[in-house]
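*Asks:* What follows is coords37.cif, made up of mmCIF, C-alpha atoms and all ligand atoms:
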data_target
#
loop_
_atom_site.label_atom_id
_atom_site.label_comp_id
_atom_site.auth_asym_id
_atom_site.auth_seq_id
_atom_site.Cartn_x
_atom_site.Cartn_y
_atom_site.Cartn_z
CA MET A 1 -16.66 39.57 105.07
CA ILE A 2 -13.57 37.41 105.45
CA HIS A 3 -13.54 34.53 103.02
CA ALA A 4 -14.16 31.07 104.36
CA ASN A 5 -11.01 29.97 102.55
CA ALA A 6 -8.83 32.50 104.36
CA LEU A 7 -7.09 29.63 106.11
CA SER A 8 -5.84 28.10 102.89
CA GLN A 9 -5.63 31.05 100.48
CA PRO A 10 -3.40 33.99 101.30
CA LEU A 11 -4.70 37.44 100.41
CA PHE A 12 -1.22 38.40 99.27
CA GLN A 13 2.01 36.64 98.56
CA VAL A 14 5.55 37.61 97.70
CA HIS A 15 7.85 35.67 95.41
CA ASN A 16 5.35 32.95 94.62
CA GLY A 17 4.83 32.03 98.23
CA LEU A 18 8.15 32.88 99.88
CA VAL A 19 6.07 34.98 102.24
CA LYS A 20 2.28 35.14 102.40
CA ALA A 21 -0.10 37.39 104.25
CA THR A 22 -3.75 37.27 105.21
CA PHE A 23 -6.33 38.44 107.72
CA LEU A 24 -7.67 35.88 110.18
CA GLU A 25 -10.18 35.97 112.95
CA ALA A 26 -8.12 36.07 116.13
CA SER A 27 -9.62 32.80 117.31
CA GLN A 28 -8.21 31.05 114.21
CA LEU A 29 -4.59 32.01 114.80
CA GLU A 30 -3.75 29.18 117.15
CA ALA A 31 -4.98 26.51 114.74
CA PHE A 32 -3.33 28.35 111.87
CA SER A 33 0.01 28.28 113.68
CA GLN A 34 -0.13 24.47 113.80
CA SER A 35 0.06 24.23 110.03
CA HIS A 36 1.96 27.38 108.99
CA HIS A 37 5.15 29.10 110.08
CA ILE A 38 4.17 32.51 111.33
CA LEU A 39 6.52 35.39 110.60
CA SER A 40 4.54 38.11 112.32
CA ALA A 41 1.07 38.75 113.68
CA THR A 42 -0.59 42.07 114.32
CA HIS A 43 -3.75 41.93 116.42
CA PHE A 44 -6.13 44.84 116.25
CA VAL A 45 -7.77 44.96 119.64
CA ALA A 46 -10.06 47.23 121.62
CA ALA A 47 -8.11 47.20 124.88
CA PRO A 48 -4.51 46.45 125.86
CA LEU A 49 -3.66 42.78 126.25
CA GLU A 50 -0.52 40.90 127.09
CA ARG A 51 0.53 37.44 126.00
CA THR A 52 3.64 35.55 124.99
CA VAL A 53 4.04 33.56 121.79
CA ASP A 54 6.99 32.35 119.75
CA TRP A 55 6.52 34.66 116.81
CA PRO A 56 6.90 38.44 116.56
CA GLU A 57 3.55 39.85 117.52
CA ILE A 58 1.91 43.22 118.18
CA LEU A 59 -1.28 43.68 120.19
CA LEU A 60 -2.36 46.94 118.74
CA VAL A 61 -5.06 49.11 120.21
CA THR A 62 -6.56 50.31 116.93
CA PRO A 63 -9.98 48.70 117.25
CA ILE A 64 -11.65 47.13 114.27
CA LEU A 65 -14.65 49.25 113.55
CA ASP A 66 -17.04 46.44 112.81
CA GLY A 67 -16.31 44.82 116.15
CA LYS A 68 -14.52 41.68 114.92
CA LYS A 69 -11.26 40.58 116.47
CA MET A 70 -8.88 40.22 113.56
CA VAL A 71 -5.20 39.51 113.02
CA GLU A 72 -2.97 40.39 110.11
CA VAL A 73 -0.61 37.47 109.76
CA TRP A 74 2.46 37.08 107.56
CA TYR A 75 3.67 33.51 107.22
CA THR A 76 5.68 31.06 105.17
CA ASP A 77 6.11 27.37 104.41
CA ALA A 78 9.88 27.70 104.73
CA PRO A 79 11.63 26.83 107.99
CA VAL A 80 11.62 29.72 110.47
CA GLN A 81 13.99 30.47 113.29
CA TYR A 82 12.68 32.64 116.10
CA VAL A 83 15.16 34.88 117.88
CA GLN A 84 14.79 37.30 120.77
CA VAL A 85 17.68 39.69 121.09
CA ASP A 86 18.19 43.26 122.26
CA GLY A 87 14.50 43.68 122.98
CA LEU A 88 13.59 42.60 119.44
CA ARG A 89 11.55 39.60 118.41
CA LEU A 90 12.50 38.21 115.03
CA ALA A 91 11.54 35.42 112.65
CA PHE A 92 14.22 34.44 110.15
CA THR A 93 14.02 32.30 107.04
CA ASP A 94 16.93 31.79 104.66
CA ASP A 95 15.67 34.68 102.56
CA LEU A 96 14.05 37.21 104.86
CA VAL A 97 13.35 38.38 108.36
CA MET A 98 10.27 39.86 109.93
CA GLY A 99 10.36 41.34 113.36
CA VAL A 100 9.06 43.72 115.95
CA GLY A 101 10.79 46.20 118.21
CA SER A 102 8.78 48.00 120.83
CA PHE A 103 9.16 50.00 123.98
CA GLU A 104 6.93 51.12 126.78
CA ASP A 105 5.48 54.45 125.83
CA CYS A 106 7.22 57.45 127.36
CA GLN A 107 6.88 61.23 127.33
CA ASP A 108 10.43 62.35 128.07
CA ASN A 109 12.70 60.37 125.80
CA LEU A 110 10.58 59.33 122.88
CA GLU A 111 13.19 60.51 120.40
CA ALA A 112 16.03 58.57 122.03
CA ARG A 113 13.94 55.42 122.42
CA SER A 114 12.78 55.62 118.80
CA TYR A 115 16.37 56.06 117.65
CA GLU A 116 17.57 53.18 119.78
CA THR A 117 14.87 50.78 118.60
CA TYR A 118 15.52 51.61 114.96
CA ASP A 119 19.25 51.34 115.52
CA ARG A 120 18.86 47.87 117.05
CA ILE A 121 16.67 46.75 114.19
CA PHE A 122 19.22 47.92 111.61
CA LYS A 123 22.21 46.49 113.46
CA THR A 124 20.58 43.12 114.08
CA CYS A 125 19.36 42.73 110.51
CA THR A 126 22.69 43.83 109.08
CA ALA A 127 24.79 41.66 111.39
CA ARG A 128 22.81 38.59 110.37
CA ASN A 129 23.02 39.54 106.74
CA TYR A 130 19.48 40.75 106.05
CA PRO A 131 20.32 44.39 105.34
CA ASN A 132 17.57 45.18 102.81
CA MET A 133 14.65 46.78 104.56
CA VAL A 134 11.55 46.72 102.34
CA ARG A 135 8.57 47.59 104.58
CA MET A 136 8.18 49.14 108.03
CA TRP A 137 5.09 49.80 110.15
CA ASN A 138 5.21 52.31 113.02
CA TYR A 139 2.43 52.41 115.62
CA ILE A 140 2.75 55.46 117.82
CA PRO A 141 0.61 55.93 120.93
CA HIS A 142 -1.14 59.31 121.15
CA ILE A 143 0.53 60.38 117.95
CA ASN A 144 -0.91 63.92 117.74
CA GLU A 145 -0.35 64.87 121.36
CA PRO A 146 2.62 66.92 122.58
CA ASP A 147 5.60 65.30 124.28
CA SER A 148 7.13 66.77 127.43
CA HIS A 149 8.98 69.36 125.29
CA GLY A 150 5.77 70.49 123.63
CA MET A 151 6.58 68.91 120.28
CA GLU A 152 3.96 66.70 118.61
CA ARG A 153 4.88 63.11 119.38
CA TYR A 154 4.89 62.10 115.71
CA GLN A 155 7.49 64.78 115.01
CA THR A 156 9.59 63.65 117.95
CA PHE A 157 9.41 60.07 116.68
CA CYS A 158 10.42 61.24 113.19
CA LYS A 159 13.54 62.90 114.64
CA GLY A 160 14.76 59.69 116.25
CA ARG A 161 13.90 57.62 113.20
CA ALA A 162 15.58 59.98 110.74
CA ARG A 163 18.78 60.00 112.77
CA ALA A 164 18.85 56.19 112.89
CA PHE A 165 18.42 55.96 109.11
CA PHE A 166 21.12 58.58 108.63
CA ASP A 167 23.59 56.87 110.97
CA GLN A 168 22.96 53.62 109.15
CA GLY A 169 24.03 55.30 105.92
CA TYR A 170 20.67 55.17 104.16
CA GLU A 171 20.37 57.24 101.02
CA GLU A 172 17.06 59.02 100.69
CA ASN A 173 15.93 57.00 97.72
CA PHE A 174 16.57 53.71 99.50
CA LEU A 175 14.03 54.22 102.25
CA PRO A 176 11.50 51.40 102.64
CA ALA A 177 7.75 51.74 102.28
CA GLY A 178 6.16 52.72 105.56
CA THR A 179 3.18 53.26 107.78
CA GLY A 180 3.18 55.79 110.62
CA ILE A 181 -0.10 55.72 112.48
CA GLY A 182 -1.53 56.40 115.91
CA CYS A 183 -2.70 53.84 118.43
CA ARG A 184 -3.91 53.67 122.02
CA SER A 185 -1.49 50.92 122.98
CA PRO A 186 0.79 51.06 126.01
CA ARG A 187 3.82 50.50 123.76
CA LEU A 188 5.28 52.14 120.68
CA SER A 189 5.81 49.32 118.18
CA ILE A 190 7.84 49.07 115.01
CA ALA A 191 7.42 46.08 112.70
CA PHE A 192 9.56 45.35 109.67
CA LEU A 193 10.25 43.07 106.73
CA ALA A 194 13.81 42.85 105.40
CA PHE A 195 15.40 40.67 102.72
CA ARG A 196 18.81 39.12 102.48
CA GLU A 197 19.16 40.03 98.79
CA GLN A 198 18.74 43.53 97.47
CA GLY A 199 15.47 43.10 95.67
CA CYS A 200 13.31 46.19 95.71
CA VAL A 201 12.82 49.51 93.99
CA ASN A 202 11.53 52.36 96.16
CA LEU A 203 8.82 54.36 94.49
CA GLU A 204 7.66 57.95 94.72
CA ASN A 205 4.42 59.58 93.64
CA PRO A 206 4.51 62.42 91.11
CA LEU A 207 1.57 64.06 92.93
CA GLN A 208 3.32 64.09 96.30
CA THR A 209 6.53 65.59 97.59
CA PRO A 210 8.67 62.70 98.81
CA ALA A 211 7.98 62.50 102.55
CA TYR A 212 11.72 62.75 103.23
CA HIS A 213 11.61 66.18 101.53
CA TYR A 214 8.65 67.60 103.45
CA PRO A 215 9.56 71.13 104.57
CA LYS A 216 10.32 71.98 108.19
CA GLN A 217 6.83 73.25 108.94
CA TYR A 218 5.80 69.61 109.51
CA GLY A 219 8.63 68.93 111.94
CA PRO A 220 12.37 69.37 112.27
CA LYS A 221 13.10 66.02 110.60
CA SER A 222 11.08 64.73 107.66
CA PRO A 223 9.42 61.33 107.77
CA SER A 224 11.67 58.50 106.55
CA PHE A 225 9.70 56.39 104.10
CA ALA A 226 9.07 55.83 100.40
CA ARG A 227 5.55 55.82 98.93
CA GLY A 228 5.90 52.19 97.97
CA THR A 229 8.33 49.39 97.30
CA TRP A 230 8.35 47.23 94.19
CA LEU A 231 9.71 43.73 94.73
CA LYS A 232 11.86 42.98 91.73
CA HIS A 233 11.92 39.22 91.94
CA SER A 234 8.27 38.74 91.04
CA GLY A 235 6.69 42.18 90.78
CA GLU A 236 4.57 42.77 93.87
CA LEU A 237 4.12 46.31 95.10
CA LEU A 238 3.78 47.27 98.76
CA VAL A 239 1.90 50.55 99.08
CA SER A 240 2.73 52.78 102.06
CA GLY A 241 0.11 54.43 104.23
CA THR A 242 -1.44 57.02 101.91
CA SER A 243 -3.49 60.03 102.80
CA SER A 244 -4.88 63.30 101.48
CA ILE A 245 -1.59 65.07 100.83
CA ILE A 246 -0.82 66.79 97.55
CA GLY A 247 2.69 68.16 97.23
CA HIS A 248 3.45 68.42 100.92
CA GLN A 249 0.11 69.95 101.89
CA THR A 250 -2.93 68.39 103.46
CA VAL A 251 -5.89 69.01 101.19
CA HIS A 252 -9.64 69.02 101.90
CA GLU A 253 -9.40 69.37 105.65
CA GLY A 254 -12.84 68.70 107.15
CA ASP A 255 -14.17 66.86 104.08
CA VAL A 256 -13.69 63.15 104.55
CA VAL A 257 -15.16 62.25 101.15
CA LYS A 258 -12.68 64.43 99.32
CA GLN A 259 -9.83 63.36 101.59
CA PHE A 260 -10.48 59.69 100.99
CA ASN A 261 -10.90 60.14 97.25
CA THR A 262 -7.63 62.06 97.18
CA SER A 263 -5.93 59.21 99.02
CA LEU A 264 -7.27 56.72 96.48
CA ASP A 265 -6.18 58.98 93.61
CA ASN A 266 -2.73 59.18 95.15
CA ILE A 267 -2.43 55.41 95.17
CA ASN A 268 -3.78 55.17 91.62
CA ARG A 269 -1.08 57.54 90.49
CA LEU A 270 1.66 55.75 92.42
CA ILE A 271 0.83 52.33 91.01
CA ASP A 272 -0.09 53.56 87.54
CA PRO A 273 1.86 51.68 84.83
CA GLN A 274 3.12 55.06 83.59
CA ASN A 275 4.66 55.85 86.96
CA LEU A 276 6.31 52.44 87.09
CA GLU A 277 7.70 52.94 83.59
CA LYS A 278 9.84 55.74 84.97
CA TYR A 279 11.64 53.10 87.00
CA ASP A 280 11.82 50.74 84.02
CA LEU A 281 9.21 48.51 85.63
CA VAL A 282 6.39 46.79 83.79
CA GLY A 283 3.17 46.29 85.70
CA GLY A 284 0.98 48.34 87.95
CA GLY A 285 -2.76 48.70 88.33
CA THR A 286 -5.38 50.62 90.23
CA VAL A 287 -6.82 50.63 93.73
CA ALA A 288 -9.33 48.00 92.56
CA ASP A 289 -6.40 45.57 92.33
CA LEU A 290 -5.19 46.07 95.91
CA THR A 291 -5.33 43.36 98.55
CA LEU A 292 -4.57 43.20 102.28
CA LEU A 293 -6.40 46.49 102.64
CA LYS A 294 -6.40 48.49 105.83
CA VAL A 295 -8.20 51.80 106.22
CA TYR A 296 -7.39 53.94 109.24
CA VAL A 297 -10.34 56.10 110.30
CA ARG A 298 -9.89 58.92 112.79
CA ASP A 299 -13.56 59.58 113.55
CA VAL A 300 -15.90 56.63 113.88
CA ALA A 301 -18.71 58.84 112.54
CA ASP A 302 -16.99 58.75 109.11
CA LEU A 303 -17.01 54.97 108.83
CA ALA A 304 -20.17 54.53 106.73
CA THR A 305 -19.10 57.27 104.33
CA ILE A 306 -15.70 55.67 103.85
CA GLN A 307 -17.17 52.19 103.46
CA ALA A 308 -19.48 53.46 100.72
CA ILE A 309 -16.50 54.83 98.77
CA CYS A 310 -14.63 51.55 99.25
CA ALA A 311 -17.63 49.61 97.94
CA GLU A 312 -17.54 51.70 94.81
CA LYS A 313 -13.81 51.89 94.15
CA LEU A 314 -12.12 48.83 95.65
CA ASP A 315 -12.55 45.17 94.71
CA PRO A 316 -15.70 44.07 96.55
CA GLN A 317 -14.18 40.58 96.92
CA GLN A 318 -11.34 41.97 99.02
CA PRO A 319 -11.76 42.17 102.77
CA VAL A 320 -10.95 45.56 104.27
CA LEU A 321 -9.99 46.17 107.86
CA TYR A 322 -11.39 49.46 109.10
CA LEU A 323 -9.29 50.53 112.05
CA HIS A 324 -9.96 53.32 114.49
CA ALA A 325 -6.71 55.27 114.65
CA ASP A 326 -5.35 58.78 114.66
CA ILE A 327 -3.46 59.82 111.53
CA CYS A 328 -0.04 61.49 111.72
CA ARG A 329 -1.34 64.97 110.93
CA ALA A 330 -4.23 66.33 112.97
CA ASP A 331 -5.90 67.61 109.78
CA LEU A 332 -6.04 64.16 108.16
CA ALA A 333 -9.21 62.12 108.70
CA VAL A 334 -8.35 58.90 106.89
CA GLU A 335 -5.45 56.89 105.48
CA LEU A 336 -5.17 53.56 103.71
CA GLU A 337 -2.62 50.98 102.65
CA GLY A 338 -2.58 47.77 100.69
CA CYS A 339 -0.55 45.49 98.46
CA LEU A 340 -0.61 45.01 94.70
CA PRO A 341 -0.14 41.34 93.81
CA ALA A 342 2.16 40.31 91.00
CA GLN A 343 0.46 40.02 87.67
CA GLU A 344 -0.10 36.62 86.18
CA ARG A 345 2.72 35.88 83.82
CA ASP A 346 2.65 33.59 80.84
CA ALA A 347 4.57 30.44 81.52
C1 LIG A 401 1.98 61.06 104.71
O1 LIG A 401 1.87 60.82 103.52
C2 LIG A 401 0.93 60.45 105.60
O2 LIG A 401 5.79 58.31 109.11
O3 LIG A 401 6.13 56.28 108.39
C3 LIG A 401 2.18 57.71 105.73
C4 LIG A 401 3.04 56.61 105.66
C5 LIG A 401 2.40 58.68 106.68
C6 LIG A 401 4.12 56.49 106.54
C7 LIG A 401 5.49 57.34 108.39
C8 LIG A 401 3.47 58.55 107.56
C9 LIG A 401 4.34 57.48 107.49
O4 LIG A 401 2.87 61.78 105.17
C10 LIG A 401 1.48 59.83 106.81
#
Would you mind writing the file's structure down as structure tokens?
*Replies:*
Amino acid sequence: MIHANALSQPLFQVHNGLVKATFLEASQLEAFSQSHHILSATHFVAAPLERTVDWPEILLVTPILDGKKMVEVWYTDAPVQYVQVDGLRLAFTDDLVMGVGSFEDCQDNLEARSYETYDRIFKTCTARNYPNMVRMWNYIPHINEPDSHGMERYQTFCKGRARAFFDQGYEENFLPAGTGIGCRSPRLSIAFLAFREQGCVNLENPLQTPAYHYPKQYGPKSPSFARGTWLKHSGELLVSGTSSIIGHQTVHEGDVVKQFNTSLDNINRLIDPQNLEKYDLVGGGTVADLTLLKVYVRDVADLATIQAICAEKLDPQQPVLYLHADICRADLAVELEGCLPAQERDA
């Protein structure tokens, strides 16, 4: 399923190669790191593991559903400086930083720890002059279970995150694209990509209430993310985790086919050229153009159904990672994310 040329050809790249991303078999990462500068690696594993490497890395217990051990790796040919500070692991180039903040999972002070980790990420990136957050990934252990105050852990996390964004002075329409998904890892992990230069447009979907405007019934503080970010320099689009939500409501609870088709329709609408026109952007596409695809599946029994829809609607040449993970609302069965490469431009 993964191309033999994965080692030489990225699945996705930003700014004509400033940063590249691909999926590798875990056993290839070591060799890969000899010839590329790794910015971040996310391993999707079946059981908790510990190891130490130079680069920012997450060992995420969201098992790959076809049994392979895979890694999502972001990398560059530019020189990279690795820094560990304040519990964060970061990889800096002249233009961007990728990094990971994580903390041992806890029941009692999830909100405070989430706040603190976000706050450190913002302060570190800002102090070093990389203030422009473009993409964040949040992996939350036991996301749908209650914390010690009886609040769903995702909602508790959202409270801490929202306060950190607010304290940092973020305007609502400057929130980065995001993923907020469950895992069975021993740590809560937050990964990010930030640029030195302001270079992205944050996108919303006309079919969906902006997540930061979800009403209080979903939690005291709304989720802090945009539906996607458009990278101005060369026109790539990073699509946030997308699920079966229309307006602010979950639709088609209990029907995974309809939920997944709704998710795909949501992305189609987000990346539609007509939606981009509203932001004075030229480009766009459909789900068949997406790369670096990850599909989060709550119930393993739904895998074959979801794969059949992917075979029909996505580019069959594109590898897809099917990950076993809980979604941030208990009534959602599936979520997906991907990247839209820049269109070829005439020279
Ligand atoms: C949704 O649309 C589905 O909390 O960072 C998608 C992407 C979702 C990001 C996040 C949550 C997040 O609300 C869930």
*Asks:* My list of candidates is A:Leu270, A:Val83, A:Ala194, A:Ile143. Which is closest to Thr126 in chain A when distances are computed with only C-alpha atoms?
*Replies:*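 Ranked by minimum distance to Thr126 in chain A, first place goes to A:Ala194.
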*Asks:* Can I get the residues close to ligand LIG 401 (chain A) as an MDAnalysis selection string, where close means within 7 Å and we count all atoms listed in the file?
*Replies:* chainID A and resid 137:138 158 178:181 211 223:225 240:243 245 327:328
*Asks:* Here is a test: counting all atoms listed in the file, which residue of A:Gly101, A:Pro141, A:Gly219, A:Gly150 is nearest to Asp326 in chain A?
*Replies:*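 Among the listed residues, A:Pro141 lies closest to Asp326 in chain A.
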*Asks:* Might you pull out every residue within 7 Å of range 64-76 of chain A, with only C-alpha atoms counted and same-chain residues fewer than 6 positions away left off, and present them as JSON, numbers by chain?
*Replies:* {"A": [18, 19, 20, 21, 22, 23, 24, 25, 26, 36, 37, 38, 39, 40, 41, 42, 43, 44, 45, 321, 322, 323, 324]}
*Asks:* What does the structure give for the distance between CA of Val80 in chain A and CA of Val239 in chain A, in Å to one decimal?
*Replies:*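 A separation of 25.7 Å between them.
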*Asks:* Counting only C-alpha atoms, which residue out of A:Asp265, A:Asp302, A:Glu172, A:Glu236 sits closest to Tyr212 in chain A?
*Replies:*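 Using only C-alpha atoms, the shortest distance to Tyr212 in chain A belongs to A:Glu172.
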*Asks:* Please, what distance in Å, to one decimal, runs between CA of Ile121 in chain A and CA of Glu204 in chain A?
*Replies:* 24.2 Å
*Asks:* Which residues come within 9 Å of Asp105 in chain A, counting all atoms listed in the file, excluding same-chain residues fewer than 2 positions away, as a list in words?
*Replies:* Ser102, Phe103, Gln107, Leu110, Ile140, Pro141, Ser185, Pro186, Arg187 and Leu188 of chain A
*Asks:* One decimal, Å: what's the distance from CA of Phe174 in chain A over to CA of Gly228 in chain A, could you say?
*Replies:*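 So the two atoms, CA of Phe174 in chain A and CA of Gly228 in chain A, lie 10.9 Å apart.
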*Asks:* Using only C-alpha atoms, pick whichever of A:Asp272, A:Glu116, A:Glu312, A:Asp331 has the shortest atom-to-atom distance to Asp299 in chain A.
*Replies:*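 Of the candidates, the smallest distance to Asp299 in chain A is held by A:Asp331.
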*Asks:* So that I can check the surroundings of Thr291 in chain A, please list as number ranges by chain every protein, DNA and RNA residue that reaches within 12 Å of it, counting only C-alpha atoms and ignoring chain neighbours fewer than 4 positions away.
*Replies:* A: 10-13, 20-23, 236-239, 285-287, 295, 314-321, 336-342
